[in-house]
$ cat data-v2.cif   # mmCIF, C-alpha atoms
data_work
loop_
_atom_site.label_atom_id
_atom_site.label_comp_id
_atom_site.auth_asym_id
_atom_site.auth_seq_id
_atom_site.Cartn_x
_atom_site.Cartn_y
_atom_site.Cartn_z
CA MET A 1 -31.82 8.47 -17.73
CA SER A 2 -33.55 7.68 -14.43
CA GLU A 3 -32.36 4.09 -14.17
CA THR A 4 -29.69 3.65 -11.51
CA TRP A 5 -26.16 3.26 -12.75
CA ILE A 6 -22.95 2.30 -11.05
CA ASP A 7 -19.31 3.11 -11.79
CA GLY A 8 -17.21 1.46 -14.47
CA ASN A 9 -15.09 -0.01 -11.64
CA MET A 10 -17.64 -2.80 -11.54
CA LEU A 11 -16.61 -4.01 -15.01
CA ALA A 12 -13.27 -5.09 -13.58
CA GLY A 13 -14.18 -8.65 -12.61
CA GLY A 14 -15.93 -9.54 -15.85
CA LEU A 15 -13.13 -8.06 -17.96
CA ARG A 16 -10.36 -9.69 -15.93
CA GLU A 17 -11.98 -13.00 -16.77
CA ILE A 18 -11.05 -12.27 -20.39
CA PHE A 19 -7.97 -10.03 -20.21
CA THR A 20 -4.86 -10.47 -18.08
CA ILE A 21 -4.66 -6.79 -17.07
CA ASP A 22 -7.16 -4.47 -15.41
CA LEU A 23 -8.99 -2.59 -18.16
CA THR A 24 -10.82 -0.28 -15.75
CA THR A 25 -7.72 1.86 -15.19
CA ALA A 26 -7.29 2.30 -18.97
CA ARG A 27 -8.10 5.60 -20.66
CA THR A 28 -10.58 5.54 -23.49
CA GLN A 29 -12.27 7.83 -25.98
CA CYS A 30 -15.98 7.83 -26.77
CA ALA A 31 -16.47 7.24 -30.50
CA GLY A 32 -19.63 9.33 -30.32
CA CYS A 33 -18.63 12.63 -28.72
CA GLY A 34 -14.85 12.36 -28.33
CA GLN A 35 -14.91 12.50 -24.52
CA ILE A 36 -11.74 11.04 -22.99
CA GLY A 37 -11.85 9.38 -19.60
CA THR A 38 -11.02 6.32 -17.54
CA VAL A 39 -13.02 3.15 -18.08
CA ALA A 40 -13.72 3.12 -14.31
CA GLU A 41 -15.50 6.46 -14.72
CA THR A 42 -18.03 5.30 -17.30
CA ARG A 43 -21.63 4.69 -16.24
CA VAL A 44 -22.54 1.05 -15.99
CA TYR A 45 -26.10 -0.24 -16.20
CA GLN A 46 -26.73 -3.72 -14.88
CA HIS A 47 -30.42 -4.12 -15.66
CA ALA A 48 -29.82 -5.85 -18.97
CA PRO A 49 -28.82 -9.35 -20.00
CA GLY A 50 -25.25 -8.18 -19.44
CA LEU A 51 -23.35 -5.06 -18.45
CA VAL A 52 -23.65 -1.89 -20.52
CA ALA A 53 -21.15 0.96 -20.08
CA ARG A 54 -22.18 4.38 -21.34
CA CYS A 55 -20.32 7.63 -21.90
CA ARG A 56 -20.50 9.99 -18.93
CA ASN A 57 -20.83 12.94 -21.29
CA CYS A 58 -23.19 11.88 -24.11
CA ASP A 59 -24.69 8.60 -22.84
CA ALA A 60 -23.64 6.65 -25.95
CA VAL A 61 -22.99 2.95 -25.47
CA LEU A 62 -19.22 2.36 -25.10
CA LEU A 63 -19.10 -1.30 -24.14
CA ARG A 64 -21.40 -4.28 -23.74
CA LEU A 65 -20.37 -7.46 -21.96
CA VAL A 66 -22.55 -10.54 -21.85
CA ARG A 67 -21.45 -13.75 -20.17
CA ALA A 68 -22.96 -17.11 -21.02
CA PRO A 69 -21.81 -20.62 -20.17
CA GLN A 70 -18.33 -21.08 -21.73
CA ARG A 71 -18.76 -17.91 -23.78
CA ALA A 72 -18.41 -14.15 -23.42
CA TYR A 73 -19.71 -11.53 -25.86
CA LEU A 74 -17.82 -8.26 -25.79
CA ASP A 75 -18.85 -5.25 -27.90
CA LEU A 76 -16.40 -2.32 -27.83
CA HIS A 77 -17.66 -0.43 -30.87
CA GLY A 78 -18.38 2.73 -28.89
CA MET A 79 -14.72 3.24 -27.98
CA SER A 80 -12.32 4.80 -30.49
CA TRP A 81 -9.32 3.59 -28.56
CA LEU A 82 -8.04 2.27 -25.23
CA GLU A 83 -4.75 3.29 -23.64
CA LEU A 84 -3.60 0.47 -21.40
CA ARG A 85 -1.09 0.46 -18.58
CA LEU A 86 1.21 -2.52 -18.95
CA PRO A 87 3.45 -4.12 -16.33
CA ASP A 88 7.09 -3.07 -16.30
CA GLU A 89 9.01 -5.49 -18.52
CA THR A 90 12.34 -4.81 -16.84
CA GLY A 91 11.11 -6.04 -13.45
CA MET B 1 -1.81 -4.52 -8.73
CA ALA B 2 1.39 -3.44 -7.02
CA ARG B 3 4.02 -5.87 -5.88
CA THR B 4 1.71 -8.85 -5.87
CA ALA B 5 0.85 -8.50 -9.54
CA VAL B 6 -1.15 -11.48 -10.63
CA LEU B 7 -0.81 -12.00 -14.31
CA GLY B 8 -3.17 -14.34 -15.97
CA ARG B 9 -6.90 -14.28 -16.17
CA LEU B 10 -9.01 -14.06 -13.08
CA THR B 11 -10.37 -17.39 -11.93
CA TRP B 12 -12.65 -18.58 -9.15
CA GLN B 13 -11.17 -19.97 -5.96
CA VAL B 14 -12.78 -21.61 -2.96
CA ALA B 15 -13.16 -19.46 0.16
CA THR B 16 -13.71 -21.08 3.55
CA VAL B 17 -15.47 -19.09 6.26
CA GLU B 18 -13.07 -18.81 9.20
CA SER B 19 -15.23 -16.66 11.48
CA ALA B 20 -18.20 -14.31 11.42
CA ARG B 21 -18.63 -11.07 13.39
CA THR B 22 -21.84 -9.09 13.75
CA GLU B 23 -21.31 -5.39 12.96
CA THR B 24 -24.89 -4.04 13.08
CA ALA B 25 -28.39 -5.55 12.94
CA THR B 26 -28.00 -5.93 9.17
CA ALA B 27 -24.25 -6.11 8.55
CA ARG B 28 -21.78 -8.85 9.25
CA THR B 29 -18.06 -9.36 8.65
CA LEU B 30 -16.89 -12.71 7.36
CA ALA B 31 -13.21 -13.63 7.67
CA LEU B 32 -12.33 -15.98 4.83
CA ASP B 33 -9.49 -18.39 4.41
CA LEU B 34 -8.16 -18.35 0.82
CA PRO B 35 -4.94 -20.36 0.50
CA ASP B 36 -3.92 -18.78 -2.82
CA TRP B 37 -4.79 -15.17 -1.96
CA PRO B 38 -1.92 -12.94 -3.19
CA GLY B 39 -2.77 -9.90 -1.05
CA HIS B 40 -4.63 -6.81 -2.26
CA LEU B 41 -4.76 -3.03 -2.38
CA PRO B 42 -7.19 -1.18 -0.11
CA GLY B 43 -10.31 -0.29 -2.09
CA GLN B 44 -10.31 -3.42 -4.23
CA HIS B 45 -13.28 -5.76 -4.31
CA VAL B 46 -14.09 -9.40 -4.93
CA ASP B 47 -16.88 -11.23 -6.71
CA VAL B 48 -18.71 -13.92 -4.74
CA ARG B 49 -20.56 -16.67 -6.58
CA LEU B 50 -23.16 -18.90 -4.97
CA THR B 51 -24.43 -21.96 -6.79
CA ALA B 52 -27.59 -23.82 -5.79
CA ALA B 53 -27.99 -27.59 -5.88
CA ASP B 54 -29.96 -27.28 -9.14
CA GLY B 55 -27.06 -25.45 -10.79
CA TYR B 56 -28.57 -21.94 -10.61
CA SER B 57 -25.76 -19.56 -9.84
CA THR B 58 -25.59 -15.87 -9.05
CA GLN B 59 -22.78 -13.48 -8.20
CA ARG B 60 -22.29 -10.13 -6.46
CA SER B 61 -19.37 -7.78 -5.80
CA TYR B 62 -18.21 -6.96 -2.27
CA SER B 63 -15.50 -4.61 -1.07
CA ILE B 64 -12.59 -6.00 0.89
CA ALA B 65 -12.54 -4.67 4.48
CA ASN B 66 -9.13 -5.68 5.82
CA ALA B 67 -5.60 -4.52 5.08
CA SER B 68 -3.72 -6.89 2.81
CA GLU B 69 -2.57 -10.19 4.28
CA PRO B 70 -1.68 -13.40 2.48
CA GLY B 71 -4.29 -16.15 2.51
CA ARG B 72 -6.98 -14.11 4.24
CA VAL B 73 -9.76 -11.72 3.29
CA GLU B 74 -12.44 -10.00 5.33
CA LEU B 75 -15.70 -8.94 3.72
CA THR B 76 -18.29 -6.80 5.47
CA VAL B 77 -21.67 -7.39 3.91
CA GLN B 78 -24.84 -5.34 4.35
CA ARG B 79 -28.02 -7.36 4.01
CA VAL B 80 -30.19 -6.27 1.09
CA ALA B 81 -33.91 -7.06 1.43
CA ASP B 82 -34.82 -9.59 -1.28
CA GLY B 83 -31.13 -10.02 -2.10
CA GLU B 84 -29.95 -13.29 -3.58
CA VAL B 85 -26.47 -13.39 -2.05
CA SER B 86 -26.33 -11.03 0.95
CA PRO B 87 -28.93 -12.89 3.10
CA TYR B 88 -26.74 -16.00 2.93
CA LEU B 89 -23.57 -14.07 3.78
CA THR B 90 -25.15 -12.03 6.60
CA GLU B 91 -27.40 -14.65 8.20
CA LEU B 92 -26.57 -18.20 7.20
CA ALA B 93 -22.87 -18.63 6.46
CA GLU B 94 -21.05 -20.35 9.32
CA PRO B 95 -17.40 -21.19 9.98
CA GLY B 96 -16.38 -24.05 7.72
CA ASP B 97 -18.83 -23.11 4.94
CA GLN B 98 -17.35 -22.76 1.49
CA PHE B 99 -18.25 -20.69 -1.56
CA GLU B 100 -16.55 -19.40 -4.70
CA LEU B 101 -14.76 -16.07 -4.83
CA ARG B 102 -12.52 -14.28 -7.30
CA GLY B 103 -10.25 -11.29 -6.79
CA PRO B 104 -8.64 -8.98 -5.95
CA ILE B 105 -10.43 -6.86 -8.56
CA GLY B 106 -10.13 -3.25 -9.71
CA GLY B 107 -7.15 -0.91 -9.78
CA TYR B 108 -9.01 2.40 -9.94
CA PHE B 109 -10.64 2.94 -6.54
CA THR B 110 -7.47 2.17 -4.59
CA TRP B 111 -5.16 4.08 -2.26
CA SER B 112 -1.43 3.53 -1.92
CA PRO B 113 0.32 4.09 1.44
CA THR B 114 3.26 5.59 -0.47
CA GLU B 115 0.98 8.52 -1.41
CA PRO B 116 1.67 11.44 0.99
CA ALA B 117 -1.28 13.68 0.02
CA PRO B 118 -4.08 14.32 2.53
CA VAL B 119 -7.02 11.97 2.05
CA LEU B 120 -10.73 12.62 2.40
CA LEU B 121 -12.90 9.54 2.73
CA VAL B 122 -16.64 9.99 2.28
CA GLY B 123 -18.77 6.93 2.95
CA GLY B 124 -22.52 6.36 2.88
CA GLY B 125 -23.85 3.25 4.65
CA SER B 126 -21.84 0.17 3.73
CA GLY B 127 -19.75 2.45 1.49
CA ILE B 128 -17.54 2.65 4.58
CA VAL B 129 -16.12 -0.82 3.84
CA PRO B 130 -13.43 -0.05 1.22
CA LEU B 131 -12.63 3.19 3.10
CA MET B 132 -12.02 1.17 6.26
CA ALA B 133 -9.58 -1.00 4.30
CA MET B 134 -7.71 2.25 3.49
CA ILE B 135 -7.75 3.37 7.14
CA ARG B 136 -6.47 -0.03 8.29
CA THR B 137 -3.80 -0.09 5.57
CA ARG B 138 -2.66 3.38 6.57
CA SER B 139 -2.12 2.13 10.11
CA VAL B 140 -0.45 -1.18 9.16
CA ALA B 141 1.88 0.55 6.68
CA GLY B 142 2.78 3.35 9.09
CA SER B 143 1.69 6.01 6.58
CA ARG B 144 1.71 9.63 7.81
CA ALA B 145 -0.78 10.84 5.20
CA PRO B 146 -3.41 12.83 7.11
CA PHE B 147 -6.87 11.25 6.79
CA ARG B 148 -10.34 12.65 7.31
CA LEU B 149 -13.42 10.47 7.23
CA LEU B 150 -17.00 11.66 6.81
CA TYR B 151 -19.38 8.78 7.42
CA SER B 152 -23.11 9.01 6.73
CA SER B 153 -25.43 6.47 8.37
CA ARG B 154 -29.16 6.22 8.98
CA GLY B 155 -28.65 6.27 12.73
CA PRO B 156 -26.08 5.46 15.42
CA ASP B 157 -27.07 1.77 15.43
CA ASP B 158 -26.24 1.51 11.73
CA VAL B 159 -22.63 2.60 12.13
CA ILE B 160 -20.38 -0.24 10.96
CA TYR B 161 -17.02 -0.58 12.78
CA ALA B 162 -18.38 1.76 15.50
CA ALA B 163 -16.03 0.48 18.23
CA GLU B 164 -12.93 0.66 16.04
CA LEU B 165 -13.82 4.17 14.84
CA ASP B 166 -14.47 5.22 18.45
CA ARG B 167 -11.02 4.02 19.44
CA LEU B 168 -9.45 6.04 16.62
CA ALA B 169 -11.45 9.11 17.62
CA THR B 170 -10.61 8.68 21.32
CA ALA B 171 -6.90 8.35 20.54
CA GLY B 172 -7.19 11.82 19.02
CA GLU B 173 -6.14 13.15 15.67
CA ALA B 174 -2.53 13.70 16.73
CA ALA B 175 -2.09 10.01 17.65
CA SER B 176 -4.31 8.35 15.05
CA GLY B 177 -3.77 10.76 12.15
CA ILE B 178 -7.46 10.47 11.38
CA GLU B 179 -10.27 12.90 12.04
CA ILE B 180 -13.76 11.41 11.93
CA SER B 181 -17.10 13.16 11.37
CA TYR B 182 -20.57 11.68 11.20
CA VAL B 183 -23.78 12.53 9.39
CA TYR B 184 -27.03 10.85 10.50
CA THR B 185 -29.88 10.80 8.02
CA ARG B 186 -32.79 9.32 10.05
CA SER B 187 -31.99 9.41 13.78
CA THR B 188 -29.16 10.89 15.80
CA PRO B 189 -27.44 9.92 19.05
CA VAL B 190 -28.88 11.57 22.17
CA GLY B 191 -27.64 15.14 22.50
CA TRP B 192 -26.43 15.37 18.88
CA PRO B 193 -26.21 19.08 18.00
CA SER B 194 -28.18 18.94 14.75
CA PRO B 195 -31.34 17.18 13.54
CA PRO B 196 -31.02 14.18 11.20
CA GLY B 197 -30.46 15.13 7.59
CA ARG B 198 -28.65 14.24 4.42
CA LEU B 199 -25.07 15.12 3.64
CA ASP B 200 -24.91 18.78 2.65
CA ARG B 201 -22.49 21.49 1.67
CA ALA B 202 -21.84 22.66 5.22
CA ALA B 203 -21.15 19.18 6.61
CA LEU B 204 -18.79 18.35 3.79
CA ALA B 205 -16.96 21.67 4.08
CA ALA B 206 -16.57 21.24 7.85
CA ALA B 207 -15.34 17.65 7.63
CA GLY B 208 -13.11 17.90 4.58
CA TRP B 209 -9.94 19.62 3.41
CA SER B 210 -9.47 22.93 1.69
CA PRO B 211 -8.91 22.44 -2.06
CA ASP B 212 -5.53 24.21 -1.59
CA ARG B 213 -4.27 21.07 0.13
CA GLU B 214 -5.00 19.09 -3.05
CA PRO B 215 -6.38 16.09 -1.18
CA LEU B 216 -7.28 12.79 -2.73
CA ALA B 217 -10.96 12.05 -2.20
CA PHE B 218 -12.56 8.61 -2.17
CA VAL B 219 -16.35 8.56 -2.18
CA CYS B 220 -18.29 5.30 -1.83
CA GLY B 221 -21.96 4.60 -1.24
CA PRO B 222 -25.34 4.37 -2.92
CA THR B 223 -25.52 6.07 -6.32
CA GLY B 224 -27.47 9.14 -5.11
CA PHE B 225 -25.16 9.70 -2.15
CA VAL B 226 -22.03 9.52 -4.29
CA GLU B 227 -23.57 11.84 -6.86
CA THR B 228 -24.31 14.45 -4.18
CA ALA B 229 -20.95 14.18 -2.44
CA SER B 230 -18.86 14.29 -5.60
CA SER B 231 -20.82 17.24 -7.02
CA LEU B 232 -20.37 19.16 -3.76
CA LEU B 233 -16.62 18.47 -3.79
CA VAL B 234 -16.28 19.77 -7.34
CA GLU B 235 -18.36 22.81 -6.37
CA GLN B 236 -15.94 23.45 -3.46
CA GLY B 237 -13.09 23.63 -5.95
CA HIS B 238 -11.63 20.14 -5.76
CA ALA B 239 -10.21 18.89 -9.05
CA ALA B 240 -12.41 16.20 -10.59
CA ASN B 241 -9.37 14.02 -11.26
CA ARG B 242 -8.58 13.93 -7.50
CA ILE B 243 -12.03 12.51 -6.70
CA LYS B 244 -12.52 8.78 -7.10
CA THR B 245 -15.97 7.32 -6.76
CA GLU B 246 -17.55 3.93 -6.31
CA ARG B 247 -21.32 3.79 -6.60
CA PHE B 248 -22.97 0.54 -5.72
CA GLY B 249 -26.50 1.14 -6.93
CA PRO B 250 -29.68 2.06 -5.07
CA THR B 251 -29.69 2.21 -1.26
CA GLY B 252 -28.43 -1.00 0.25
CA GLY B 253 -26.84 -1.79 -3.05
CA ALA B 254 -24.96 -4.87 -4.02
CA ARG B 255 -22.92 -4.96 -0.87
#

$ encode --input "data-v2.cif" --output "structure tokens"
Amino acid sequence: MSETWIDGNMLAGGLREIFTIDLTTARTQCAGCGQIGTVAETRVYQHAPGLVARCRNCDAVLLRLVRAPQRAYLDLHGMSWLELRLPDETG
Amino acid sequence: MARTAVLGRLTWQVATVESARTETATARTLALDLPDWPGHLPGQHVDVRLTAADGYSTQRSYSIANASEPGRVELTVQRVADGEVSPYLTELAEPGDQFELRGPIGGYFTWSPTEPAPVLLVGGGSGIVPLMAMIRTRSVAGSRAPFRLLYSSRGPDDVIYAAELDRLATAGEAASGIEISYVYTRSTPVGWPSPPGRLDRAALAAAGWSPDREPLAFVCGPTGFVETASSLLVEQGHAANRIKTERFGPTGGAR
């Protein structure tokens, strides 16, 4: 794929608009090839109506995020799971 | 997000330009007043949103340049030709101007001053900005983690934070804890020992740490630069999980 991509780090702002924790430090598994990695390490393509994150190993689409007025469309079908770090509840 | 954990969704706040400082012919640092800013980790970024009178709005991400302080953020922005946001930030914004900003964002490309491991910072162009936040945080926090910076610029006039980096270099590694190396891709200072050229294996090996030291590496710059630098580091024997990268697109990029 010759199109320029950036790191999954750049999903952080758009996802923090929806979720209360940072999803880019979460681990995830590609539903296509089984590759496990950090969301921040996926390849993000911006030249679309939204953001598209692809697997670093097999290029399958992991996540799509489209923002419209008063609405966000989030497609996570390419991820088998997400392992999220949560704040310490005892603090 | 460390001690200043902000729970709740990220929302836009109004930033007021406090001052502007020219860094190079195409880069400028804006100091912003943000009353509700909770502080940040070095390496984090913000999103800036500009809205025109007709309602058209556009946003871009910019790395934070300063060490954490409440109520204040510094952004260093490189002008991108034909950009929609950077020309305003680098040429037009004046003290008192206001625009929308949200952050701090991103927990991945961050360094903690409690981390004792040696650090290698590799920056291309304005990729120096989040790395400078790490250098400044190291100093403010009194960290003893040894730092090395390899900074690639087109030429000596394109070096952002040149005076501050010179002061660190002049103080010497023993005093500053930081060793700084430069790569020039288009033109070099007078008397520079090698011709201009891209970052290569030899430069990275000379400026960096041996893999035995298990350093943490932070690489930031245009996509091609980061690709080259991170591949060379892996080739040198550095563990992939010790290398954190932040690509910002084609040259010039979003910041």

$ interface_residues --input "data-v2.cif" --of "chain A" --to "chain B" --cutoff "12 Å" --atoms "all atoms listed in the file" --output "number ranges by chain"
A: 2-27, 37-47, 68-69, 85-88, 91

$ atom_distance --input "data-v2.cif" --atom1 "atom CA of Pro196 of chain B" --atom2 "atom CA of Gly123 of chain B"
16.5 Å

$ atom_distance --input "data-v2.cif" --atom1 "atom CA of Glu235 of chain B" --atom2 "atom CA of Cys55 of chain A"
21.8 Å

$ atom_distance --input "data-v2.cif" --atom1 "atom CA of Asp97 of chain B" --atom2 "atom CA of Leu34 of chain B"
12.4 Å

$ closest_residue --input "data-v2.cif" --among "B:Thr185, B:Ser68, B:Gln236, B:Ser210" --to "Pro38 of chain B" --atoms "all atoms listed in the file"
B:Ser68

$ resolve_selection --input "data-v2.cif" --expression "the PyMOL selection byres ((chain A and resi 30) around 7)" --output "ChimeraX atom specification"
/A:28-29,31-36,55,62,78-80

$ write_last_selection --input "data-v2.cif" --atoms "C-alpha atoms" --output "short mmCIF file (atom, residue, chain, number, x, y, z; two decimals), in the coordinates of the input"
data_model
loop_
_atom_site.label_atom_id
_atom_site.label_comp_id
_atom_site.auth_asym_id
_atom_site.auth_seq_id
_atom_site.Cartn_x
_atom_site.Cartn_y
_atom_site.Cartn_z
CA THR A 28 -10.58 5.54 -23.49
CA GLN A 29 -12.27 7.83 -25.98
CA ALA A 31 -16.47 7.24 -30.50
CA GLY A 32 -19.63 9.33 -30.32
CA CYS A 33 -18.63 12.63 -28.72
CA GLY A 34 -14.85 12.36 -28.33
CA GLN A 35 -14.91 12.50 -24.52
CA ILE A 36 -11.74 11.04 -22.99
CA CYS A 55 -20.32 7.63 -21.90
CA LEU A 62 -19.22 2.36 -25.10
CA GLY A 78 -18.38 2.73 -28.89
CA MET A 79 -14.72 3.24 -27.98
CA SER A 80 -12.32 4.80 -30.49
#

$ resolve_selection --input "data-v2.cif" --expression "the PyMOL selection byres ((chain B and resi 129) around 8)" --output "JSON list (two decimals) with C-alpha atoms, in the frame of the given file"
[["chain", "number", "residue", "atom", "x", "y", "z"],
["B", 63, "SER", "CA", -15.50, -4.61, -1.07],
["B", 64, "ILE", "CA", -12.59, -6.00, 0.89],
["B", 65, "ALA", "CA", -12.54, -4.67, 4.48],
["B", 76, "THR", "CA", -18.29, -6.80, 5.47],
["B", 126, "SER", "CA", -21.84, 0.17, 3.73],
["B", 127, "GLY", "CA", -19.75, 2.45, 1.49],
["B", 128, "ILE", "CA", -17.54, 2.65, 4.58],
["B", 130, "PRO", "CA", -13.43, -0.05, 1.22],
["B", 131, "LEU", "CA", -12.63, 3.19, 3.10],
["B", 132, "MET", "CA", -12.02, 1.17, 6.26],
["B", 133, "ALA", "CA", -9.58, -1.00, 4.30]]

$ closest_residue --input "data-v2.cif" --among "B:Leu232, B:His238, B:Ala145, B:Pro156" --to "Val190 of chain B" --atoms "all atoms listed in the file"
B:Pro156
